[in-house]
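Next comes data-v2.cif, a file with mmCIF, C-alpha atoms.
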data_target
loop_
_atom_site.group_PDB
_atom_site.id
_atom_site.type_symbol
_atom_site.label_atom_id
_atom_site.label_comp_id
_atom_site.auth_asym_id
_atom_site.auth_seq_id
_atom_site.Cartn_x
_atom_site.Cartn_y
_atom_site.Cartn_z
ATOM 1 C CA GLY A 222 17.083 4.554 18.074
ATOM 2 C CA GLU A 223 14.957 7.679 18.604
ATOM 3 C CA SER A 224 12.021 9.303 16.903
ATOM 4 C CA VAL A 225 10.302 12.607 17.270
ATOM 5 C CA GLY A 226 6.868 11.069 17.263
ATOM 6 C CA LEU A 227 4.541 13.327 15.417
ATOM 7 C CA HIS A 228 7.241 14.565 13.035
ATOM 8 C CA LEU A 229 8.922 11.247 12.207
ATOM 9 C CA PRO A 230 6.322 8.497 12.016
ATOM 10 C CA THR A 231 8.735 5.566 11.588
ATOM 11 C CA LEU A 232 11.581 4.268 13.705
ATOM 12 C CA SER A 233 13.803 1.324 12.863
ATOM 13 C CA VAL A 234 16.027 -0.253 15.513
ATOM 14 C CA GLN A 235 18.197 -3.305 15.839
ATOM 15 C CA GLU A 236 17.003 -6.119 18.049
ATOM 16 C CA GLY A 237 18.496 -5.702 21.503
ATOM 17 C CA ASP A 238 18.939 -1.943 21.216
ATOM 18 C CA ASN A 239 16.964 0.541 23.258
ATOM 19 C CA SER A 240 14.168 2.469 21.530
ATOM 20 C CA ILE A 241 12.971 5.959 22.313
ATOM 21 C CA ILE A 242 9.676 7.178 20.937
ATOM 22 C CA ASN A 243 8.849 10.825 21.431
ATOM 23 C CA CYS A 244 5.614 12.725 21.550
ATOM 24 C CA ALA A 245 4.752 16.381 21.894
ATOM 25 C CA TYR A 246 1.427 17.153 23.524
ATOM 26 C CA SER A 247 -0.659 20.220 23.093
ATOM 27 C CA ASN A 248 -2.468 21.096 26.306
ATOM 28 C CA SER A 249 -0.403 22.302 29.234
ATOM 29 C CA ALA A 250 -3.377 21.548 31.474
ATOM 30 C CA SER A 251 -3.475 17.857 30.522
ATOM 31 C CA ASP A 252 -3.066 15.802 33.665
ATOM 32 C CA TYR A 253 -2.782 12.245 32.458
ATOM 33 C CA PHE A 254 -0.904 10.572 29.633
ATOM 34 C CA ILE A 255 -1.034 7.080 28.202
ATOM 35 C CA TRP A 256 1.061 5.114 25.753
ATOM 36 C CA TYR A 257 -0.698 2.569 23.593
ATOM 37 C CA LYS A 258 0.746 -0.112 21.334
ATOM 38 C CA GLN A 259 -1.132 -1.234 18.236
ATOM 39 C CA GLU A 260 -0.036 -4.350 16.411
ATOM 40 C CA SER A 261 -1.176 -5.076 12.904
ATOM 41 C CA GLY A 262 -4.801 -6.203 12.832
ATOM 42 C CA LYS A 263 -5.418 -5.398 16.468
ATOM 43 C CA GLY A 264 -6.801 -2.561 18.507
ATOM 44 C CA PRO A 265 -4.584 -0.317 20.645
ATOM 45 C CA GLN A 266 -3.303 -1.949 23.824
ATOM 46 C CA PHE A 267 -2.369 -0.079 26.993
ATOM 47 C CA ILE A 268 1.356 -0.030 27.802
ATOM 48 C CA ILE A 269 1.946 2.477 30.549
ATOM 49 C CA ASP A 270 0.532 5.703 31.913
ATOM 50 C CA ILE A 271 1.767 8.674 33.896
ATOM 51 C CA ARG A 272 0.116 11.510 35.759
ATOM 52 C CA SER A 273 1.241 15.090 35.469
ATOM 53 C CA ASN A 274 2.575 15.133 39.045
ATOM 54 C CA MET A 275 5.256 12.625 38.020
ATOM 55 C CA ASP A 276 8.344 12.940 35.805
ATOM 56 C CA LYS A 277 9.069 9.282 35.292
ATOM 57 C CA ARG A 278 7.374 5.943 35.578
ATOM 58 C CA GLN A 279 8.787 2.508 34.916
ATOM 59 C CA GLY A 280 7.178 -0.705 33.835
ATOM 60 C CA GLN A 281 8.519 -3.967 32.562
ATOM 61 C CA ARG A 282 11.163 -2.962 29.980
ATOM 62 C CA VAL A 283 9.367 0.343 29.413
ATOM 63 C CA THR A 284 9.851 3.773 30.921
ATOM 64 C CA VAL A 285 7.805 6.889 30.320
ATOM 65 C CA LEU A 286 9.327 10.305 30.861
ATOM 66 C CA LEU A 287 7.294 13.472 31.127
ATOM 67 C CA ASN A 288 8.731 16.959 30.660
ATOM 68 C CA LYS A 289 5.973 19.404 31.409
ATOM 69 C CA THR A 290 8.166 22.426 30.731
ATOM 70 C CA VAL A 291 8.355 21.640 27.044
ATOM 71 C CA LYS A 292 5.209 19.494 26.893
ATOM 72 C CA HIS A 293 7.111 16.414 25.837
ATOM 73 C CA LEU A 294 6.508 12.751 26.526
ATOM 74 C CA SER A 295 8.746 9.845 25.671
ATOM 75 C CA LEU A 296 8.527 6.076 25.786
ATOM 76 C CA GLN A 297 11.719 4.134 26.240
ATOM 77 C CA ILE A 298 11.785 0.433 25.450
ATOM 78 C CA ALA A 299 14.775 -1.472 26.750
ATOM 79 C CA ALA A 300 16.307 -4.359 24.803
ATOM 80 C CA THR A 301 13.843 -4.042 21.942
ATOM 81 C CA GLN A 302 12.485 -7.340 20.659
ATOM 82 C CA PRO A 303 10.805 -8.296 17.365
ATOM 83 C CA GLY A 304 7.503 -8.528 19.250
ATOM 84 C CA ASP A 305 7.783 -4.826 19.984
ATOM 85 C CA SER A 306 7.230 -4.023 16.319
ATOM 86 C CA ALA A 307 4.000 -2.027 16.225
ATOM 87 C CA VAL A 308 2.625 1.491 16.046
ATOM 88 C CA TYR A 309 2.919 3.406 19.307
ATOM 89 C CA PHE A 310 0.508 6.182 20.223
ATOM 90 C CA CYS A 311 0.690 8.708 22.972
ATOM 91 C CA ALA A 312 -2.543 10.136 24.309
ATOM 92 C CA GLU A 313 -3.271 13.011 26.637
ATOM 93 C CA THR A 314 -6.390 13.681 28.574
ATOM 94 C CA LYS A 315 -8.076 16.970 28.824
ATOM 95 C CA PRO A 316 -8.733 18.071 32.360
ATOM 96 C CA TYR A 317 -11.627 16.500 34.219
ATOM 97 C CA ASN A 318 -13.952 19.406 33.593
ATOM 98 C CA GLN A 319 -13.558 18.899 29.847
ATOM 99 C CA GLY A 320 -14.779 15.327 29.929
ATOM 100 C CA GLY A 321 -11.500 13.493 30.410
ATOM 101 C CA LYS A 322 -11.390 12.543 26.737
ATOM 102 C CA LEU A 323 -8.252 10.996 25.288
ATOM 103 C CA ILE A 324 -6.544 12.998 22.550
ATOM 104 C CA PHE A 325 -4.287 10.759 20.476
ATOM 105 C CA GLY A 326 -1.089 11.617 18.656
ATOM 106 C CA GLN A 327 -0.367 10.476 15.117
ATOM 107 C CA GLY A 328 1.619 7.434 16.140
ATOM 108 C CA THR A 329 5.125 6.164 15.464
ATOM 109 C CA GLU A 330 5.729 2.876 13.700
ATOM 110 C CA LEU A 331 8.507 0.915 15.336
ATOM 111 C CA SER A 332 10.260 -1.684 13.226
ATOM 112 C CA VAL A 333 12.710 -4.066 14.884
ATOM 113 C CA LYS A 334 15.403 -5.601 12.709
ATOM 114 C CA PRO A 335 16.653 -9.058 13.734
ATOM 115 C CA GLU B 218 -7.387 -10.905 24.123
ATOM 116 C CA THR B 219 -9.215 -7.858 25.443
ATOM 117 C CA GLY B 220 -12.665 -7.852 26.988
ATOM 118 C CA VAL B 221 -14.000 -5.828 24.075
ATOM 119 C CA THR B 222 -15.226 -7.634 20.966
ATOM 120 C CA GLN B 223 -16.289 -6.195 17.641
ATOM 121 C CA THR B 224 -18.168 -7.728 14.737
ATOM 122 C CA PRO B 225 -17.764 -7.994 11.881
ATOM 123 C CA ARG B 226 -13.979 -7.744 11.662
ATOM 124 C CA HIS B 227 -14.156 -6.824 7.983
ATOM 125 C CA LEU B 228 -16.971 -5.225 6.019
ATOM 126 C CA VAL B 229 -17.264 -4.188 2.391
ATOM 127 C CA MET B 230 -20.324 -2.185 1.498
ATOM 128 C CA GLY B 231 -21.625 -0.128 -1.384
ATOM 129 C CA MET B 232 -22.587 3.481 -0.968
ATOM 130 C CA THR B 233 -26.295 2.661 -1.002
ATOM 131 C CA ASN B 234 -26.112 -0.153 1.551
ATOM 132 C CA LYS B 235 -27.141 -0.093 5.172
ATOM 133 C CA LYS B 236 -25.050 -2.024 7.640
ATOM 134 C CA SER B 237 -24.309 -2.044 11.353
ATOM 135 C CA LEU B 238 -21.166 -2.505 13.408
ATOM 136 C CA LYS B 239 -21.451 -4.151 16.801
ATOM 137 C CA CYS B 240 -19.333 -3.779 19.896
ATOM 138 C CA GLU B 241 -19.662 -5.691 23.147
ATOM 139 C CA GLN B 242 -17.637 -5.273 26.321
ATOM 140 C CA HIS B 243 -17.387 -7.855 29.092
ATOM 141 C CA LEU B 244 -15.564 -5.632 31.580
ATOM 142 C CA GLY B 245 -18.483 -4.175 33.508
ATOM 143 C CA HIS B 246 -17.698 -0.711 32.205
ATOM 144 C CA ASN B 247 -20.219 2.062 31.821
ATOM 145 C CA ALA B 248 -18.658 4.245 29.161
ATOM 146 C CA MET B 249 -18.262 3.239 25.539
ATOM 147 C CA TYR B 250 -16.609 4.998 22.608
ATOM 148 C CA TRP B 251 -16.493 4.881 18.826
ATOM 149 C CA TYR B 252 -13.281 5.971 17.082
ATOM 150 C CA LYS B 253 -12.350 6.206 13.429
ATOM 151 C CA GLN B 254 -8.792 5.332 12.478
ATOM 152 C CA SER B 255 -7.656 6.340 8.998
ATOM 153 C CA ALA B 256 -4.213 5.726 7.575
ATOM 154 C CA LYS B 257 -1.579 8.224 8.715
ATOM 155 C CA LYS B 258 -4.026 10.072 10.963
ATOM 156 C CA PRO B 259 -4.588 10.056 14.716
ATOM 157 C CA LEU B 260 -7.542 8.218 16.154
ATOM 158 C CA GLU B 261 -10.607 10.400 15.787
ATOM 159 C CA LEU B 262 -13.204 10.271 18.524
ATOM 160 C CA MET B 263 -16.692 9.974 17.093
ATOM 161 C CA PHE B 264 -19.135 9.268 19.905
ATOM 162 C CA VAL B 265 -19.141 8.775 23.650
ATOM 163 C CA TYR B 266 -21.794 7.024 25.700
ATOM 164 C CA ASN B 267 -21.875 7.105 29.481
ATOM 165 C CA PHE B 268 -24.436 4.906 31.250
ATOM 166 C CA LYS B 269 -26.254 4.481 27.890
ATOM 167 C CA GLU B 270 -26.570 8.219 27.341
ATOM 168 C CA GLN B 271 -24.734 9.921 24.504
ATOM 169 C CA THR B 272 -22.433 12.555 25.963
ATOM 170 C CA GLU B 273 -20.339 13.378 22.922
ATOM 171 C CA ASN B 274 -20.931 13.651 19.195
ATOM 172 C CA ASN B 275 -17.762 14.941 17.633
ATOM 173 C CA SER B 276 -19.443 16.575 14.623
ATOM 174 C CA VAL B 277 -19.985 13.212 12.978
ATOM 175 C CA PRO B 278 -22.064 13.154 9.758
ATOM 176 C CA SER B 279 -25.588 11.845 10.189
ATOM 177 C CA ARG B 280 -24.855 8.874 7.912
ATOM 178 C CA PHE B 281 -23.269 7.405 11.075
ATOM 179 C CA SER B 282 -25.885 6.655 13.701
ATOM 180 C CA PRO B 283 -24.844 5.192 17.062
ATOM 181 C CA GLU B 284 -27.002 3.189 19.400
ATOM 182 C CA CYS B 285 -26.304 2.076 22.948
ATOM 183 C CA PRO B 286 -29.103 -0.152 24.269
ATOM 184 C CA ASN B 287 -27.223 -0.968 27.478
ATOM 185 C CA SER B 288 -23.799 -0.389 29.009
ATOM 186 C CA SER B 289 -22.387 -3.552 27.441
ATOM 187 C CA HIS B 290 -23.412 -3.050 23.830
ATOM 188 C CA LEU B 291 -22.741 -0.348 21.302
ATOM 189 C CA PHE B 292 -23.755 -0.222 17.661
ATOM 190 C CA LEU B 293 -22.831 2.007 14.774
ATOM 191 C CA HIS B 294 -25.452 2.042 12.038
ATOM 192 C CA LEU B 295 -24.155 2.987 8.617
ATOM 193 C CA HIS B 296 -26.092 4.244 5.606
ATOM 194 C CA THR B 297 -25.234 5.984 2.351
ATOM 195 C CA LEU B 298 -21.542 6.093 3.197
ATOM 196 C CA GLN B 299 -18.846 7.633 1.044
ATOM 197 C CA PRO B 300 -15.574 6.058 -0.081
ATOM 198 C CA GLU B 301 -13.697 8.412 2.265
ATOM 199 C CA ASP B 302 -15.463 6.709 5.164
ATOM 200 C CA SER B 303 -13.336 3.624 4.562
ATOM 201 C CA ALA B 304 -11.287 3.152 7.719
ATOM 202 C CA LEU B 305 -10.801 1.031 10.805
ATOM 203 C CA TYR B 306 -13.599 1.655 13.287
ATOM 204 C CA LEU B 307 -12.587 1.021 16.857
ATOM 205 C CA CYS B 308 -14.766 0.595 19.875
ATOM 206 C CA ALA B 309 -13.454 1.220 23.382
ATOM 207 C CA SER B 310 -14.809 1.088 26.906
ATOM 208 C CA ARG B 311 -13.890 2.636 30.202
ATOM 209 C CA THR B 312 -15.142 2.380 33.777
ATOM 210 C CA LYS B 313 -17.151 5.571 33.333
ATOM 211 C CA ALA B 314 -16.634 8.741 31.347
ATOM 212 C CA TRP B 315 -15.988 10.969 34.364
ATOM 213 C CA ASP B 316 -13.770 8.634 36.383
ATOM 214 C CA GLN B 317 -10.736 10.552 37.611
ATOM 215 C CA SER B 318 -9.123 7.440 39.055
ATOM 216 C CA SER B 319 -8.638 5.782 35.675
ATOM 217 C CA TYR B 320 -8.524 7.224 32.201
ATOM 218 C CA GLU B 321 -7.518 3.992 30.498
ATOM 219 C CA GLN B 322 -9.718 2.905 27.652
ATOM 220 C CA TYR B 323 -9.864 -0.709 26.542
ATOM 221 C CA PHE B 324 -10.083 -1.194 22.809
ATOM 222 C CA GLY B 325 -11.614 -3.863 20.642
ATOM 223 C CA PRO B 326 -9.840 -5.183 17.540
ATOM 224 C CA GLY B 327 -11.798 -2.936 15.207
ATOM 225 C CA THR B 328 -13.896 -3.376 12.069
ATOM 226 C CA ARG B 329 -12.085 -2.747 8.814
ATOM 227 C CA LEU B 330 -14.656 -0.989 6.639
ATOM 228 C CA THR B 331 -14.321 -0.540 2.898
ATOM 229 C CA VAL B 332 -16.889 1.538 1.060
ATOM 230 C CA THR B 333 -17.017 0.881 -2.684
#
Structure encoded using structure tokens:
Amino acid sequence: GESVGLHLPTLSVQEGDNSIINCAYSNSASDYFIWYKQESGKGPQFIIDIRSNMDKRQGQRVTVLLNKTVKHLSLQIAATQPGDSAVYFCAETKPYNQGGKLIFGQGTELSVKP
Amino acid sequence: ETGVTQTPRHLVMGMTNKKSLKCEQHLGHNAMYWYKQSAKKPLELMFVYNFKEQTENNSVPSRFSPECPNSSHLFLHLHTLQPEDSALYLCASRTKAWDQSSYEQYFGPGTRLTVT
């Protein structure tokens, strides 16, 4: 399953399938990006990050892809599990000389069907 | 469980009440943040404190008053709130606000605030 992040806030996938959550960022000078997961009743939890000098970074069952040409970020979750159901946020940081603040996207709600 | 705790977890208050939200981090960080999270909207940064000094006020109404007595504690004092202020208020911490080696912020579970 695939979403377009800011434009499609929900994504429903079958357990075991791969999920792709997309995010468009705004500042071409942003140099660091983070994906957060927020489960119901909890605060956002760090998943994976990537710096602007990289195109891809892999974690455990997750991969983040960065396309600086079109200012696009994606989170791929392999073999999606029911525990992956949550809202996923991308965040970009403004360059260091602008305080390094995190700017969050709207979020995509991932629902995993058993 | 993160190293950032928030109390209370839920709060219902009238528009004339005064209440405070508390955040405590046990991570040895020096930067702390308040965010507002409303339904269907991105997290909105409210305030940033770095080494107890406020470095950012993101045009927040004066009915929200932050306080940071030390690097481990952050408060948000609330008075004469409006119903539209009902939201999840999240606290976060980071090593320090200007740390280029790590931008990750660690979040608490939030306080669900309802203004009646």
Explicit residue set for the PyMOL selection byres ((chain A) within 12 of (chain B)), as a PDB file with C-alpha atoms, in the coordinates of the input:
ATOM      1  CA  GLY A 226       6.868  11.069  17.263  1.00  0.00           C
ATOM      2  CA  LEU A 227       4.541  13.327  15.417  1.00  0.00           C
ATOM      3  CA  HIS A 228       7.241  14.565  13.035  1.00  0.00           C
ATOM      4  CA  LEU A 229       8.922  11.247  12.207  1.00  0.00           C
ATOM      5  CA  PRO A 230       6.322   8.497  12.016  1.00  0.00           C
ATOM      6  CA  THR A 231       8.735   5.566  11.588  1.00  0.00           C
ATOM      7  CA  SER A 251      -3.475  17.857  30.522  1.00  0.00           C
ATOM      8  CA  ASP A 252      -3.066  15.802  33.665  1.00  0.00           C
ATOM      9  CA  TYR A 253      -2.782  12.245  32.458  1.00  0.00           C
ATOM     10  CA  PHE A 254      -0.904  10.572  29.633  1.00  0.00           C
ATOM     11  CA  ILE A 255      -1.034   7.080  28.202  1.00  0.00           C
ATOM     12  CA  TRP A 256       1.061   5.114  25.753  1.00  0.00           C
ATOM     13  CA  TYR A 257      -0.698   2.569  23.593  1.00  0.00           C
ATOM     14  CA  LYS A 258       0.746  -0.112  21.334  1.00  0.00           C
ATOM     15  CA  GLN A 259      -1.132  -1.234  18.236  1.00  0.00           C
ATOM     16  CA  GLU A 260      -0.036  -4.350  16.411  1.00  0.00           C
ATOM     17  CA  SER A 261      -1.176  -5.076  12.904  1.00  0.00           C
ATOM     18  CA  GLY A 262      -4.801  -6.203  12.832  1.00  0.00           C
ATOM     19  CA  LYS A 263      -5.418  -5.398  16.468  1.00  0.00           C
ATOM     20  CA  GLY A 264      -6.801  -2.561  18.507  1.00  0.00           C
ATOM     21  CA  PRO A 265      -4.584  -0.317  20.645  1.00  0.00           C
ATOM     22  CA  GLN A 266      -3.303  -1.949  23.824  1.00  0.00           C
ATOM     23  CA  PHE A 267      -2.369  -0.079  26.993  1.00  0.00           C
ATOM     24  CA  ILE A 268       1.356  -0.030  27.802  1.00  0.00           C
ATOM     25  CA  ILE A 269       1.946   2.477  30.549  1.00  0.00           C
ATOM     26  CA  ASP A 270       0.532   5.703  31.913  1.00  0.00           C
ATOM     27  CA  ILE A 271       1.767   8.674  33.896  1.00  0.00           C
ATOM     28  CA  ARG A 272       0.116  11.510  35.759  1.00  0.00           C
ATOM     29  CA  VAL A 308       2.625   1.491  16.046  1.00  0.00           C
ATOM     30  CA  TYR A 309       2.919   3.406  19.307  1.00  0.00           C
ATOM     31  CA  PHE A 310       0.508   6.182  20.223  1.00  0.00           C
ATOM     32  CA  CYS A 311       0.690   8.708  22.972  1.00  0.00           C
ATOM     33  CA  ALA A 312      -2.543  10.136  24.309  1.00  0.00           C
ATOM     34  CA  GLU A 313      -3.271  13.011  26.637  1.00  0.00           C
ATOM     35  CA  THR A 314      -6.390  13.681  28.574  1.00  0.00           C
ATOM     36  CA  LYS A 315      -8.076  16.970  28.824  1.00  0.00           C
ATOM     37  CA  PRO A 316      -8.733  18.071  32.360  1.00  0.00           C
ATOM     38  CA  TYR A 317     -11.627  16.500  34.219  1.00  0.00           C
ATOM     39  CA  ASN A 318     -13.952  19.406  33.593  1.00  0.00           C
ATOM     40  CA  GLN A 319     -13.558  18.899  29.847  1.00  0.00           C
ATOM     41  CA  GLY A 320     -14.779  15.327  29.929  1.00  0.00           C
ATOM     42  CA  GLY A 321     -11.500  13.493  30.410  1.00  0.00           C
ATOM     43  CA  LYS A 322     -11.390  12.543  26.737  1.00  0.00           C
ATOM     44  CA  LEU A 323      -8.252  10.996  25.288  1.00  0.00           C
ATOM     45  CA  ILE A 324      -6.544  12.998  22.550  1.00  0.00           C
ATOM     46  CA  PHE A 325      -4.287  10.759  20.476  1.00  0.00           C
ATOM     47  CA  GLY A 326      -1.089  11.617  18.656  1.00  0.00           C
ATOM     48  CA  GLN A 327      -0.367  10.476  15.117  1.00  0.00           C
ATOM     49  CA  GLY A 328       1.619   7.434  16.140  1.00  0.00           C
ATOM     50  CA  THR A 329       5.125   6.164  15.464  1.00  0.00           C
ATOM     51  CA  GLU A 330       5.729   2.876  13.700  1.00  0.00           C
TER      52      GLU A 330
END
Separation of CA of Ser233 in chain A and CA of Leu294 in chain A, in Å?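 Going from CA of Ser233 in chain A over to CA of Leu294 in chain A, I get 19.2 Å.
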Exactly which residues make up the result of the PyMOL selection byres ((chain A and resi 289) around 12) on this file, given as a PDB file with C-alpha atoms, in the coordinates of the input?
ATOM      1  CA  CYS A 244       5.614  12.725  21.550  1.00  0.00           C
ATOM      2  CA  ALA A 245       4.752  16.381  21.894  1.00  0.00           C
ATOM      3  CA  TYR A 246       1.427  17.153  23.524  1.00  0.00           C
ATOM      4  CA  SER A 247      -0.659  20.220  23.093  1.00  0.00           C
ATOM      5  CA  ASN A 248      -2.468  21.096  26.306  1.00  0.00           C
ATOM      6  CA  SER A 249      -0.403  22.302  29.234  1.00  0.00           C
ATOM      7  CA  ALA A 250      -3.377  21.548  31.474  1.00  0.00           C
ATOM      8  CA  SER A 251      -3.475  17.857  30.522  1.00  0.00           C
ATOM      9  CA  ASP A 252      -3.066  15.802  33.665  1.00  0.00           C
ATOM     10  CA  TYR A 253      -2.782  12.245  32.458  1.00  0.00           C
ATOM     11  CA  PHE A 254      -0.904  10.572  29.633  1.00  0.00           C
ATOM     12  CA  ILE A 271       1.767   8.674  33.896  1.00  0.00           C
ATOM     13  CA  ARG A 272       0.116  11.510  35.759  1.00  0.00           C
ATOM     14  CA  SER A 273       1.241  15.090  35.469  1.00  0.00           C
ATOM     15  CA  ASN A 274       2.575  15.133  39.045  1.00  0.00           C
ATOM     16  CA  MET A 275       5.256  12.625  38.020  1.00  0.00           C
ATOM     17  CA  ASP A 276       8.344  12.940  35.805  1.00  0.00           C
ATOM     18  CA  LYS A 277       9.069   9.282  35.292  1.00  0.00           C
ATOM     19  CA  LEU A 286       9.327  10.305  30.861  1.00  0.00           C
ATOM     20  CA  LEU A 287       7.294  13.472  31.127  1.00  0.00           C
ATOM     21  CA  ASN A 288       8.731  16.959  30.660  1.00  0.00           C
ATOM     22  CA  THR A 290       8.166  22.426  30.731  1.00  0.00           C
ATOM     23  CA  VAL A 291       8.355  21.640  27.044  1.00  0.00           C
ATOM     24  CA  LYS A 292       5.209  19.494  26.893  1.00  0.00           C
ATOM     25  CA  HIS A 293       7.111  16.414  25.837  1.00  0.00           C
ATOM     26  CA  LEU A 294       6.508  12.751  26.526  1.00  0.00           C
ATOM     27  CA  SER A 295       8.746   9.845  25.671  1.00  0.00           C
TER      28      SER A 295
END
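Remark: for Val332 in chain B, the closest of the candidate residues B:Gln299, B:Asn275, B:Thr222, B:Ser237 is B:Gln299 (distances computed over all atoms listed in the file).
The smallest atom-to-atom distance between Gln223 in chain B and any of B:His246, B:His296, B:His290, B:Lys239, using only C-alpha atoms, is found for B:Lys239.
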So what do you get for CA of Asn247 in chain B versus CA of Gln281 in chain A, distance-wise?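 We find that CA of Asn247 in chain B and CA of Gln281 in chain A lie 29.4 Å from each other.
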As a check of understanding: the span from CA of Phe281 in chain B to CA of Gln242 in chain B is 20.6 Å
From the set B:Leu295, B:Cys285, B:Ala304, B:Leu330, which residue has the shortest atom-to-atom contact distance to Lys236 in chain B, counting only C-alpha atoms? B:Leu295
Compile the contact shell of Gln297 in chain A as a list in words: residues with an atom at most 10 Å away, counting all atoms listed in the file, same-chain residues fewer than 5 positions apart removed.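 Residues meeting the cut-off are Gly222, Glu223, Asn239, Ser240, Ile241, Ile242, Asn243, Gln279, Arg282, Val283, Thr284, Val285 and Leu286 of chain A.
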Kindly resolve the PyMOL selection byres ((chain A and resi 301) around 9) on the present coordinates and return the residues as a PDB file with C-alpha atoms, keeping the file's coordinate frame.
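For reference, out01.pdb as written:
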ATOM      1  CA  VAL A 234      16.027  -0.253  15.513  1.00  0.00           C
ATOM      2  CA  GLN A 235      18.197  -3.305  15.839  1.00  0.00           C
ATOM      3  CA  GLU A 236      17.003  -6.119  18.049  1.00  0.00           C
ATOM      4  CA  GLY A 237      18.496  -5.702  21.503  1.00  0.00           C
ATOM      5  CA  ASP A 238      18.939  -1.943  21.216  1.00  0.00           C
ATOM      6  CA  ASN A 239      16.964   0.541  23.258  1.00  0.00           C
ATOM      7  CA  SER A 240      14.168   2.469  21.530  1.00  0.00           C
ATOM      8  CA  ARG A 282      11.163  -2.962  29.980  1.00  0.00           C
ATOM      9  CA  ILE A 298      11.785   0.433  25.450  1.00  0.00           C
ATOM     10  CA  ALA A 299      14.775  -1.472  26.750  1.00  0.00           C
ATOM     11  CA  ALA A 300      16.307  -4.359  24.803  1.00  0.00           C
ATOM     12  CA  GLN A 302      12.485  -7.340  20.659  1.00  0.00           C
ATOM     13  CA  PRO A 303      10.805  -8.296  17.365  1.00  0.00           C
ATOM     14  CA  GLY A 304       7.503  -8.528  19.250  1.00  0.00           C
ATOM     15  CA  ASP A 305       7.783  -4.826  19.984  1.00  0.00           C
ATOM     16  CA  SER A 306       7.230  -4.023  16.319  1.00  0.00           C
ATOM     17  CA  VAL A 333      12.710  -4.066  14.884  1.00  0.00           C
TER      18      VAL A 333
END
Let me make sure I understand: among B:Arg280, B:Pro225, B:Ser310, B:Gly231, which one has the smallest atom-to-atom distance to Ala248 in chain B if we use only C-alpha atoms?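 With only C-alpha atoms as the atom set, the closest residue is B:Ser310.
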Excluding same-chain residues fewer than 3 positions from Pro283 in chain B, what lies within 7 Å of it counting all atoms listed in the file, as a list of chain:residue names?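 Residues near the query, excluding close chain neighbours: B:Phe292, B:Leu293, B:His294.
When all atoms listed in the file are used to measure the gap to Thr297 in chain B, the shortest distance among B:Asn234, B:Tyr266, B:Ser279, B:Ser255 belongs to B:Asn234.
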